[in-house]
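Here is the file final08.csv (CSV, C-alpha atoms).
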chain,number,residue,atom,x,y,z
A,1,MET,CA,267.6,167.0,47.9
A,2,SER,CA,267.0,164.8,44.9
A,3,TYR,CA,264.7,161.8,44.7
A,4,THR,CA,263.6,159.0,42.5
A,5,HIS,CA,260.1,158.6,41.3
A,6,PHE,CA,259.1,155.1,42.5
A,7,HIS,CA,257.1,154.6,39.3
A,8,HIS,CA,259.7,156.0,36.9
A,9,TRP,CA,257.3,156.2,33.9
A,10,GLY,CA,254.2,157.5,35.7
A,11,GLU,CA,250.8,156.3,34.7
A,12,ARG,CA,249.9,155.5,31.1
A,13,THR,CA,247.3,153.8,29.0
A,14,GLN,CA,248.0,150.6,27.2
A,15,GLU,CA,248.5,152.5,23.9
A,16,GLU,CA,250.8,155.0,25.6
A,17,ILE,CA,252.8,152.1,27.0
A,18,GLN,CA,253.2,150.6,23.6
A,19,ARG,CA,254.3,153.9,22.1
A,20,LEU,CA,256.8,154.2,25.0
A,21,GLN,CA,258.0,150.7,24.3
A,22,GLN,CA,258.4,151.4,20.6
A,23,THR,CA,260.1,154.8,21.5
A,24,SER,CA,257.6,156.5,19.1
A,25,GLU,CA,258.3,159.9,20.6
A,26,TYR,CA,262.0,159.4,21.1
A,27,GLY,CA,263.4,157.8,17.9
A,28,THR,CA,264.2,154.2,17.2
A,29,ALA,CA,267.8,154.5,18.2
A,30,TYR,CA,266.7,154.6,21.8
A,31,ASN,CA,265.1,151.2,21.3
A,32,THR,CA,267.8,149.4,19.4
A,33,THR,CA,271.1,151.0,20.6
A,34,GLU,CA,272.6,152.0,23.9
A,35,PRO,CA,271.8,154.1,25.9
A,36,ARG,CA,268.4,152.6,25.6
A,37,LEU,CA,265.4,154.5,26.8
A,38,LEU,CA,263.9,151.8,29.1
A,39,GLN,CA,266.1,150.2,31.7
A,40,ASP,CA,265.7,147.1,33.8
A,41,GLY,CA,263.3,147.4,36.7
A,42,GLN,CA,261.8,150.8,35.8
A,43,SER,CA,258.2,150.9,37.0
A,44,ILE,CA,255.0,152.1,35.2
A,45,ILE,CA,251.4,152.3,36.3
A,46,ASP,CA,249.2,150.6,33.7
A,47,ARG,CA,245.9,152.2,33.1
A,48,GLY,CA,245.0,149.5,30.6
A,49,LEU,CA,244.7,146.4,32.8
A,50,GLU,CA,245.2,148.5,35.9
A,51,GLY,CA,248.4,147.4,37.7
A,52,VAL,CA,252.1,148.1,38.0
A,53,MET,CA,254.6,146.7,35.6
A,54,ARG,CA,258.4,146.8,35.5
A,55,TRP,CA,260.6,146.9,32.4
A,56,SER,CA,262.7,143.9,31.5
A,57,LYS,CA,265.5,144.9,29.1
A,58,ASN,CA,266.4,142.5,26.3
A,59,PRO,CA,270.2,141.8,26.3
A,60,ALA,CA,270.3,140.1,22.9
A,61,GLN,CA,271.3,141.7,19.6
A,62,ASP,CA,270.5,140.8,16.0
A,63,GLY,CA,273.1,140.4,13.2
A,64,SER,CA,273.2,144.2,12.8
A,65,SER,CA,274.1,144.7,16.4
A,66,ASN,CA,270.6,146.2,17.1
A,67,TYR,CA,269.1,145.2,20.4
A,68,TYR,CA,265.8,143.2,20.4
A,69,ASN,CA,263.0,144.8,22.3
A,70,GLY,CA,262.1,144.0,25.9
A,71,CYS,CA,258.8,144.1,27.6
A,72,PHE,CA,257.1,145.1,30.8
A,73,MET,CA,256.5,142.4,33.5
A,74,SER,CA,254.7,141.8,36.7
A,75,ALA,CA,253.6,138.7,38.7
A,76,GLU,CA,250.6,138.2,36.3
A,77,PHE,CA,252.8,138.2,33.2
A,78,SER,CA,255.3,135.8,31.7
A,79,GLN,CA,258.0,136.6,29.1
A,80,TRP,CA,258.4,134.3,26.1
A,81,TRP,CA,259.2,134.5,22.4
A,82,SER,CA,257.1,134.1,19.3
A,83,THR,CA,257.5,133.9,15.6
A,84,ALA,CA,254.1,135.6,15.2
A,85,SER,CA,254.1,139.4,14.9
A,86,GLY,CA,251.9,142.4,15.3
A,87,PHE,CA,249.3,140.7,17.6
A,88,GLN,CA,247.7,142.0,20.7
A,89,ASN,CA,245.0,140.6,22.9
A,90,LYS,CA,245.3,137.1,21.3
A,91,TRP,CA,245.7,133.8,23.2
A,92,PHE,CA,248.9,131.9,22.7
A,93,THR,CA,249.9,128.2,23.1
A,94,GLY,CA,253.0,126.2,23.8
A,95,HIS,CA,251.7,123.4,21.6
A,96,ASN,CA,254.0,122.0,18.9
A,97,ASN,CA,256.4,124.9,18.7
A,98,PRO,CA,259.7,124.3,17.0
A,99,GLN,CA,261.9,126.5,19.3
A,100,ASN,CA,262.5,126.5,23.0
A,101,GLU,CA,260.4,129.0,24.9
A,102,GLU,CA,258.4,129.9,21.8
A,103,MET,CA,254.7,130.6,21.7
A,104,ASP,CA,252.4,130.6,18.7
A,105,LEU,CA,248.9,131.9,18.1
A,106,GLY,CA,246.4,129.3,19.3
A,107,SER,CA,243.8,127.9,16.9
A,108,SER,CA,242.7,124.3,17.6
A,109,ALA,CA,241.4,122.4,20.6
A,110,SER,CA,244.8,120.7,21.1
A,111,ASP,CA,246.3,124.2,21.3
A,112,ALA,CA,243.7,125.3,23.8
A,113,GLU,CA,244.6,122.3,26.0
A,114,LEU,CA,248.1,123.8,26.2
A,115,ALA,CA,247.2,127.5,26.3
A,116,VAL,CA,249.7,129.6,28.2
A,117,GLY,CA,248.3,133.2,28.2
A,118,VAL,CA,247.1,136.3,26.3
A,119,SER,CA,249.4,138.8,24.6
A,120,TYR,CA,249.4,142.3,25.8
A,121,ASN,CA,252.1,144.1,23.9
A,122,THR,CA,252.6,144.6,20.2
A,123,LEU,CA,255.3,142.5,18.7
A,124,TYR,CA,257.4,143.6,15.8
A,125,GLY,CA,260.1,140.9,15.4
A,126,ALA,CA,260.2,137.2,15.1
A,127,ALA,CA,262.2,134.9,17.4
A,128,THR,CA,265.1,132.8,16.1
A,129,GLN,CA,267.4,130.1,17.5
A,130,VAL,CA,271.1,130.6,18.0
A,131,GLY,CA,274.0,128.7,19.5
A,132,ASP,CA,274.4,125.1,20.5
A,133,PRO,CA,272.6,124.1,22.6
A,134,PRO,CA,270.1,126.4,21.0
A,135,SER,CA,268.7,129.4,22.8
A,136,THR,CA,265.9,131.6,21.5
A,137,VAL,CA,266.4,135.3,20.8
A,138,GLY,CA,264.1,138.0,19.5
A,139,ASP,CA,261.7,140.6,20.8
A,140,TYR,CA,260.2,139.6,24.2
A,141,LEU,CA,256.6,138.5,24.1
A,142,GLN,CA,254.6,139.6,27.2
A,143,LEU,CA,251.8,137.1,28.0
A,144,LYS,CA,249.2,137.7,30.7
A,145,THR,CA,249.1,134.3,32.4
A,146,SER,CA,246.7,134.8,35.3
A,147,GLY,CA,244.1,137.3,36.5
A,148,LEU,CA,241.9,139.4,34.2
A,149,THR,CA,242.7,140.3,30.6
A,150,ASP,CA,241.2,141.6,27.4
A,151,VAL,CA,241.1,139.0,24.6
A,152,ASP,CA,239.6,139.3,21.1
A,153,TYR,CA,236.4,137.4,20.4
A,154,SER,CA,235.1,135.6,17.3
A,155,GLY,CA,232.3,133.2,18.1
A,156,ILE,CA,228.7,132.6,18.8
A,157,ASN,CA,226.2,135.5,18.9
A,158,ASN,CA,225.9,137.5,22.1
A,159,PRO,CA,228.1,135.5,24.6
A,160,GLU,CA,227.2,135.9,28.2
A,161,VAL,CA,229.2,136.7,31.4
A,162,GLY,CA,230.2,133.6,33.3
A,163,GLU,CA,230.5,131.2,30.3
A,164,LEU,CA,233.8,129.3,29.7
A,165,VAL,CA,236.0,130.2,26.8
A,166,GLU,CA,237.9,128.1,24.3
A,167,GLU,CA,239.5,128.5,20.8
A,168,GLY,CA,237.5,130.8,18.5
A,169,ASN,CA,236.7,131.0,14.8
A,170,THR,CA,239.8,133.0,14.1
A,171,ASP,CA,243.4,132.2,15.2
A,172,GLY,CA,244.2,133.8,18.6
A,173,LYS,CA,240.6,134.8,19.2
A,174,VAL,CA,238.2,133.0,21.7
A,175,ASP,CA,234.7,131.6,21.6
A,176,ILE,CA,232.3,130.3,24.1
A,177,SER,CA,232.8,126.7,24.9
A,178,SER,CA,229.8,124.4,24.3
A,179,THR,CA,231.6,121.2,25.4
A,180,LYS,CA,233.4,122.8,28.4
A,181,SER,CA,236.5,120.9,27.7
A,182,ASN,CA,239.9,122.5,26.9
A,183,THR,CA,238.8,125.8,28.2
A,184,PHE,CA,241.2,128.4,29.5
A,185,GLY,CA,239.1,131.1,31.1
A,186,TRP,CA,235.7,132.4,31.8
A,187,VAL,CA,233.9,135.6,30.6
A,188,ALA,CA,234.0,138.5,33.1
A,189,ASN,CA,232.6,141.3,30.9
A,190,THR,CA,231.1,141.5,27.4
A,191,SER,CA,230.6,145.2,26.9
A,192,ASN,CA,233.0,145.3,23.9
A,193,VAL,CA,231.4,142.4,22.1
A,194,VAL,CA,228.9,143.2,19.3
A,195,GLY,CA,227.2,140.1,18.0
A,196,THR,CA,229.9,137.6,17.1
A,197,ALA,CA,233.0,139.9,17.3
A,198,GLY,CA,234.9,142.4,19.4
A,199,SER,CA,236.8,141.8,22.6
A,200,MET,CA,235.9,140.6,26.1
A,201,LEU,CA,237.4,140.6,29.5
A,202,ILE,CA,238.1,137.1,30.8
A,203,LYS,CA,239.4,135.6,34.0
A,204,ILE,CA,242.3,133.4,32.8
A,205,ASN,CA,242.2,129.9,34.2
A,206,THR,CA,244.5,127.6,32.2
A,207,THR,CA,244.0,124.5,34.2
A,208,GLU,CA,241.2,122.7,32.4
A,209,THR,CA,242.8,119.9,30.4
A,210,ALA,CA,239.9,117.4,30.1
B,1,MET,CA,269.3,161.6,50.3
B,2,SER,CA,271.3,160.7,47.3
B,3,TYR,CA,270.0,159.9,43.8
B,4,GLN,CA,269.7,156.3,42.7
B,5,ALA,CA,268.7,155.2,39.2
B,6,LEU,CA,266.1,152.8,40.6
B,7,PRO,CA,264.0,153.2,43.8
B,8,TYR,CA,265.0,149.7,45.0
B,9,THR,CA,267.4,149.0,47.9
B,10,TYR,CA,269.8,147.0,45.7
B,11,GLY,CA,268.9,148.3,42.2
B,12,ALA,CA,268.8,145.7,39.5
B,13,LEU,CA,270.9,142.5,39.9
B,14,THR,CA,271.2,139.0,38.5
B,15,GLU,CA,269.9,136.2,40.6
B,16,ALA,CA,273.5,135.1,41.5
B,17,GLN,CA,274.3,138.6,42.6
B,18,ILE,CA,271.2,138.7,44.8
B,19,ASP,CA,272.0,135.4,46.4
B,20,ALA,CA,275.5,136.6,47.1
B,21,ILE,CA,274.3,139.5,49.2
B,22,PRO,CA,275.4,138.7,52.8
B,23,THR,CA,272.3,138.1,54.9
B,24,SER,CA,274.1,139.0,58.2
B,25,SER,CA,276.7,141.5,59.3
B,26,PRO,CA,275.0,143.7,58.3
B,27,LYS,CA,271.6,142.0,58.3
B,28,ILE,CA,269.5,142.7,55.2
B,29,PRO,CA,266.6,144.9,56.5
B,30,THR,CA,263.2,143.3,56.1
B,31,GLY,CA,261.4,144.9,53.2
B,32,SER,CA,264.5,145.6,51.2
B,33,THR,CA,263.9,145.5,47.4
B,34,VAL,CA,265.8,144.4,44.3
B,35,PHE,CA,264.9,143.9,40.6
B,36,ASN,CA,265.9,140.3,39.6
B,37,THR,CA,267.1,140.6,36.0
B,38,ASP,CA,266.9,136.9,35.4
B,39,THR,CA,263.3,136.3,36.5
B,40,GLN,CA,262.4,139.9,35.5
B,41,MET,CA,260.6,140.5,38.7
B,42,LEU,CA,260.8,142.7,41.8
B,43,GLU,CA,261.8,140.8,44.9
B,44,ILE,CA,261.3,141.8,48.5
B,45,TYR,CA,263.3,140.4,51.4
B,46,ASN,CA,260.9,139.1,54.1
B,47,GLY,CA,263.5,138.7,56.8
B,48,ARG,CA,264.4,135.2,55.7
B,49,ILE,CA,264.5,135.0,52.0
B,50,TRP,CA,264.0,137.0,48.8
B,51,LEU,CA,260.5,136.6,47.4
B,52,ASP,CA,259.0,137.8,44.1
B,53,GLU,CA,255.4,138.6,43.6
B,54,ARG,CA,254.2,135.2,42.4
B,55,SER,CA,256.0,133.3,45.2
B,56,LEU,CA,255.3,132.3,48.8
B,57,CYS,CA,257.7,131.5,51.6
B,58,PHE,CA,257.4,127.9,53.0
B,59,LEU,CA,259.3,126.0,55.7
B,60,VAL,CA,260.8,122.8,54.3
B,61,ASP,CA,259.7,119.7,56.2
B,62,SER,CA,262.3,118.2,58.6
B,63,GLY,CA,264.7,115.8,56.8
B,64,VAL,CA,263.7,116.9,53.3
B,65,THR,CA,266.3,118.2,50.9
B,66,VAL,CA,264.9,120.7,48.4
B,67,VAL,CA,266.8,122.3,45.5
B,68,LYS,CA,265.8,124.9,42.9
B,69,GLY,CA,263.3,123.5,40.5
B,70,ASN,CA,261.8,120.9,42.8
B,71,THR,CA,258.0,120.5,42.7
B,72,LEU,CA,256.5,120.7,46.2
B,73,TYR,CA,253.3,119.8,48.1
B,74,THR,CA,252.2,120.7,51.7
B,75,VAL,CA,252.7,117.9,54.2
B,76,GLY,CA,249.8,116.3,56.1
B,77,SER,CA,246.1,117.2,56.1
B,78,GLY,CA,243.5,118.3,58.5
B,79,THR,CA,244.8,118.3,62.1
B,80,THR,CA,248.1,116.9,60.9
B,81,ALA,CA,248.8,119.6,58.4
B,82,THR,CA,252.0,121.5,59.3
B,83,GLY,CA,252.1,124.0,56.4
B,84,GLU,CA,255.6,122.7,55.6
B,85,VAL,CA,256.5,121.5,52.2
B,86,ALA,CA,258.1,118.3,50.9
B,87,LEU,CA,259.0,116.9,47.5
B,88,MET,CA,255.9,116.3,45.2
B,89,THR,CA,255.2,112.7,44.3
B,90,THR,CA,252.9,110.9,41.9
B,91,SER,CA,250.5,109.9,44.8
B,92,SER,CA,246.9,110.9,44.0
B,93,THR,CA,246.5,112.1,47.6
B,94,ASN,CA,249.3,114.7,47.1
B,95,ILE,CA,247.8,116.2,43.9
B,96,PRO,CA,245.4,118.5,45.8
B,97,LYS,CA,248.2,119.6,48.0
B,98,PHE,CA,250.5,120.7,45.2
B,99,VAL,CA,251.8,124.3,45.8
B,100,GLY,CA,254.3,125.0,43.1
B,101,VAL,CA,258.0,125.0,42.2
B,102,ALA,CA,261.0,126.0,44.3
B,103,THR,CA,262.5,129.1,42.6
B,104,ARG,CA,265.8,129.0,44.7
B,105,ASN,CA,267.6,126.7,47.0
B,106,PRO,CA,266.3,127.0,50.6
B,107,VAL,CA,268.0,129.4,53.1
B,108,ASN,CA,268.0,128.2,56.7
B,109,GLY,CA,265.1,125.8,55.9
B,110,PHE,CA,262.9,128.4,54.1
B,111,VAL,CA,262.2,128.2,50.4
B,112,SER,CA,260.6,130.5,47.8
B,113,VAL,CA,257.8,128.6,46.0
B,114,ALA,CA,256.3,130.0,42.8
B,115,HIS,CA,252.6,129.1,42.2
B,116,CYS,CA,252.3,130.5,38.6
B,117,GLY,CA,254.2,132.0,35.7
B,118,LYS,CA,257.5,131.1,34.0
B,119,VAL,CA,259.7,128.9,36.2
B,120,GLN,CA,262.5,126.4,35.8
B,121,ALA,CA,261.4,122.9,36.9
B,122,LEU,CA,263.7,119.9,37.4
B,123,ALA,CA,263.0,117.2,34.8
B,124,GLY,CA,262.9,113.5,36.0
B,125,ALA,CA,262.8,112.1,32.4
B,126,THR,CA,263.2,113.2,28.8
B,127,ILE,CA,260.8,116.1,28.1
B,128,THR,CA,259.9,117.5,24.7
B,129,ARG,CA,258.7,121.1,24.6
B,130,GLY,CA,255.0,121.6,23.9
B,131,ASN,CA,253.8,118.8,26.1
B,132,ALA,CA,252.1,119.1,29.5
B,133,VAL,CA,254.1,118.3,32.6
B,134,GLU,CA,253.1,116.3,35.6
B,135,PRO,CA,254.8,114.7,38.7
B,136,ASN,CA,257.6,112.1,38.1
B,137,ALA,CA,258.3,108.9,40.0
B,138,THR,CA,261.4,110.6,41.3
B,139,ALA,CA,260.0,112.9,44.0
B,140,GLY,CA,260.3,116.6,43.3
B,141,ARG,CA,260.8,116.2,39.6
B,142,CYS,CA,258.5,116.4,36.6
B,143,GLN,CA,257.9,114.5,33.4
B,144,GLN,CA,256.0,115.1,30.2
B,145,GLU,CA,252.4,114.0,29.6
B,146,THR,CA,251.2,113.8,26.0
B,147,SER,CA,247.5,113.4,27.0
B,148,PRO,CA,247.2,115.8,29.9
B,149,SER,CA,244.6,115.1,32.6
B,150,THR,CA,244.6,114.9,36.4
B,151,GLY,CA,247.9,115.9,37.8
B,152,SER,CA,249.1,118.1,35.0
B,153,PHE,CA,250.4,121.4,36.3
B,154,GLY,CA,251.9,123.3,33.3
B,155,VAL,CA,253.3,123.3,29.8
B,156,ALA,CA,257.0,122.5,29.0
B,157,LEU,CA,258.4,125.2,26.9
B,158,GLU,CA,261.9,123.7,26.7
B,159,SER,CA,263.2,120.3,25.8
B,160,GLY,CA,265.6,118.5,28.2
B,161,THR,CA,266.6,115.3,29.9
B,162,SER,CA,266.5,114.0,33.5
B,163,GLY,CA,268.3,116.3,35.8
B,164,ASN,CA,267.9,119.4,33.6
B,165,LEU,CA,266.2,122.6,34.7
B,166,ILE,CA,263.7,123.3,32.0
B,167,TRP,CA,261.4,126.3,31.5
B,168,ILE,CA,257.8,125.6,32.0
B,169,ALA,CA,254.6,127.7,32.1
B,170,LEU,CA,253.4,126.8,35.6
B,171,GLN,CA,249.7,126.6,36.1
B,172,THR,CA,247.3,125.3,38.8
B,173,ILE,CA,247.4,121.5,39.0
B,174,GLU,CA,244.5,119.7,37.2
B,175,LEU,CA,242.3,118.0,39.8
B,176,GLY,CA,240.4,116.0,37.2
I need this file expressed as structure tokens, please.
Amino acid sequence: MSYTHFHHWGERTQEEIQRLQQTSEYGTAYNTTEPRLLQDGQSIIDRGLEGVMRWSKNPAQDGSSNYYNGCFMSAEFSQWWSTASGFQNKWFTGHNNPQNEEMDLGSSASDAELAVGVSYNTLYGAATQVGDPPSTVGDYLQLKTSGLTDVDYSGINNPEVGELVEEGNTDGKVDISSTKSNTFGWVANTSNVVGTAGSMLIKINTTETA
Amino acid sequence: MSYQALPYTYGALTEAQIDAIPTSSPKIPTGSTVFNTDTQMLEIYNGRIWLDERSLCFLVDSGVTVVKGNTLYTVGSGTTATGEVALMTTSSTNIPKFVGVATRNPVNGFVSVAHCGKVQALAGATITRGNAVEPNATAGRCQQETSPSTGSFGVALESGTSGNLIWIALQTIELG
């Protein structure tokens, strides 16, 4: 009798998941050409943010007929595109972006007002617009849009649990909000913050628009 | 037991393929699973409709016509609350009752309603990506808001005109 593992890729840490996504142990061809290593719906247990995600395969190809990369998804994630690259655990905004379904690193208060989520995977390709009407193609950007997430911190000294967060001193990083306007989450854990830098666990709450 | 590539009842299908699965003769067993390659989420059949993990099943209020992309609120309040949904309006009394966006057309009066994440919402006016979205004067539709405040429930990530389904990042509605 044969059977199928319900969680096809077993349990892995965040770093191991990204290595799997980049096909680091298998060769790039399994990422960019068929048969691709990761297939639609294949499940994995995430030991990073603790949960289950399923692979979403990217059907689009670049000018060299290489497939763009997909991403893992679950109910607490959304899939978009970005022209930024190489970022992880940064907050992203839908403010003033030139392409449909495109996100950019957040920096200002007006960005924070339209924050969408926090990046989880590592990106390595920029999105572009094709066709008429235009559609966006490129590597998928996986954003955590609800629940708990790790986000990089650059702000006041020694932030405390329970405080609200807003845009930080560096693009994509967060700071504690003094005005309590345009906030998009609150601090759940500060054990990885040292002084004014590091990363923190936040509860995402992108509803404050005052 | 035979091998299947994915451990889901119907494997991985597009939304159109999922909606084309006959719901009777034979009846889809409750608890059946499928990976929706359009929404990129696992869906479970609850005996009435297919639901993904960020959606809830609601009964549509009698006489109300709901289509995919409509914004919805729960009808009544207190002892008159029915738990049924109707098309969202600009009324301030309906803002606290906003529940989300219909992700499919209803089946036998039941509709799947997403409360967060990436969804397609029906525009009631010209919308430019990067703006907040709020209820529109046409019930069940949304419009852009350049100074988001009470009533905003997400961010438009696609531009469009009235009648278009546009991608938005759906969030909890702002109560002010």
(request) For chain A, list the residues within 10 Å of chain B, counting all atoms listed in the file, and write the list as a ChimeraX atom specification. (result) /A:1-8,39-43,53-58,71-80,93-103,110-111,113-117,135,143-146,205-210
(message) Report, in Å to a single decimal, how far apart CA of Ser119 (chain A) and CA of Gln88 (chain A) are.
(response) 5.3 Å
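Using all atoms listed in the file for every distance, the candidate list B:Asn164, B:Asn108, B:Ser77, B:Thr82 yields B:Ser77 as the residue closest to Pro96 (chain B).
Coordinates place CA of Gly147 (chain A) at a distance of 22.6 Å from CA of Gly10 (chain A).
For the residues B:Thr23, B:Thr126, B:Gln143, B:Thr74, ranking by smallest atom-to-atom distance to Leu59 (chain B) using all atoms listed in the file places B:Thr74 first.
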(request) Find the residues near Asn158 (chain A): any atom within 12 Å, counting all atoms listed in the file, skip ones fewer than 6 places away on the same chain, and give them as number ranges by chain. (result) A: 175-176, 187, 189-200
Need the shell around Thr128 (chain A): protein/DNA/RNA residues with any atom at most 8 Å away, counting only C-alpha atoms. Skip same-chain ones fewer than 5 positions apart. Format as a short mmCIF file (atom, residue, chain, number, x, y, z; two decimals) with C-alpha atoms, keeping the file's coordinate frame?
data_model
loop_
_atom_site.label_atom_id
_atom_site.label_comp_id
_atom_site.auth_asym_id
_atom_site.auth_seq_id
_atom_site.Cartn_x
_atom_site.Cartn_y
_atom_site.Cartn_z
CA THR A 83 257.50 133.90 15.60
CA GLN A 99 261.90 126.50 19.30
CA THR A 136 265.90 131.60 21.50
CA VAL A 137 266.40 135.30 20.80
CA GLY A 138 264.10 138.00 19.50
#
(request) Select, from A:Pro134, A:Gly172, A:Gly70, A:Gly125, the residue with the minimum atom-to-atom distance to Gly160 (chain B), counting all atoms listed in the file. (result) A:Pro134
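One finds CA of Glu84 (chain B) at 26.1 Å from CA of Ser162 (chain B).
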With the input short on atoms, add N, CA and C atoms back to region 2-17 of chain A and write it as a PDB file, in the coordinates of the input.
ATOM      1  N   SER A   2     267.606 165.427  46.062  1.00  0.00           N
ATOM      2  CA  SER A   2     267.000 164.800  44.900  1.00  0.00           C
ATOM      3  C   SER A   2     266.313 163.521  45.293  1.00  0.00           C
ATOM      4  N   TYR A   3     265.483 163.053  44.408  1.00  0.00           N
ATOM      5  CA  TYR A   3     264.700 161.800  44.700  1.00  0.00           C
ATOM      6  C   TYR A   3     264.427 161.081  43.450  1.00  0.00           C
ATOM      7  N   THR A   4     263.996 159.849  43.629  1.00  0.00           N
ATOM      8  CA  THR A   4     263.600 159.000  42.500  1.00  0.00           C
ATOM      9  C   THR A   4     262.141 158.750  42.515  1.00  0.00           C
ATOM     10  N   HIS A   5     261.484 158.966  41.382  1.00  0.00           N
ATOM     11  CA  HIS A   5     260.100 158.600  41.300  1.00  0.00           C
ATOM     12  C   HIS A   5     260.027 157.045  41.405  1.00  0.00           C
ATOM     13  N   PHE A   6     259.189 156.546  42.324  1.00  0.00           N
ATOM     14  CA  PHE A   6     259.100 155.100  42.500  1.00  0.00           C
ATOM     15  C   PHE A   6     258.603 154.480  41.167  1.00  0.00           C
ATOM     16  N   HIS A   7     257.567 155.080  40.581  1.00  0.00           N
ATOM     17  CA  HIS A   7     257.100 154.600  39.300  1.00  0.00           C
ATOM     18  C   HIS A   7     257.658 155.545  38.214  1.00  0.00           C
ATOM     19  N   HIS A   8     258.822 155.141  37.712  1.00  0.00           N
ATOM     20  CA  HIS A   8     259.700 156.000  36.900  1.00  0.00           C
ATOM     21  C   HIS A   8     258.875 156.601  35.695  1.00  0.00           C
ATOM     22  N   TRP A   9     257.998 155.778  35.059  1.00  0.00           N
ATOM     23  CA  TRP A   9     257.300 156.200  33.900  1.00  0.00           C
ATOM     24  C   TRP A   9     255.881 156.702  34.127  1.00  0.00           C
ATOM     25  N   GLY A  10     255.551 156.908  35.393  1.00  0.00           N
ATOM     26  CA  GLY A  10     254.200 157.500  35.700  1.00  0.00           C
ATOM     27  C   GLY A  10     253.101 156.526  35.364  1.00  0.00           C
ATOM     28  N   GLU A  11     251.938 157.106  35.069  1.00  0.00           N
ATOM     29  CA  GLU A  11     250.800 156.300  34.700  1.00  0.00           C
ATOM     30  C   GLU A  11     250.461 156.527  33.230  1.00  0.00           C
ATOM     31  N   ARG A  12     250.198 155.419  32.525  1.00  0.00           N
ATOM     32  CA  ARG A  12     249.900 155.500  31.100  1.00  0.00           C
ATOM     33  C   ARG A  12     248.897 154.464  30.671  1.00  0.00           C
ATOM     34  N   THR A  13     248.215 154.759  29.576  1.00  0.00           N
ATOM     35  CA  THR A  13     247.300 153.800  29.000  1.00  0.00           C
ATOM     36  C   THR A  13     248.037 152.701  28.282  1.00  0.00           C
ATOM     37  N   GLN A  14     247.336 151.656  27.882  1.00  0.00           N
ATOM     38  CA  GLN A  14     248.000 150.600  27.200  1.00  0.00           C
ATOM     39  C   GLN A  14     248.632 151.093  25.866  1.00  0.00           C
ATOM     40  N   GLU A  15     247.904 151.963  25.148  1.00  0.00           N
ATOM     41  CA  GLU A  15     248.500 152.500  23.900  1.00  0.00           C
ATOM     42  C   GLU A  15     249.690 153.343  24.169  1.00  0.00           C
ATOM     43  N   GLU A  16     249.624 154.152  25.213  1.00  0.00           N
ATOM     44  CA  GLU A  16     250.800 155.000  25.600  1.00  0.00           C
ATOM     45  C   GLU A  16     251.978 154.145  25.965  1.00  0.00           C
ATOM     46  N   ILE A  17     251.713 153.028  26.647  1.00  0.00           N
ATOM     47  CA  ILE A  17     252.800 152.100  27.000  1.00  0.00           C
ATOM     48  C   ILE A  17     253.468 151.522  25.809  1.00  0.00           C
TER      49      ILE A  17
END
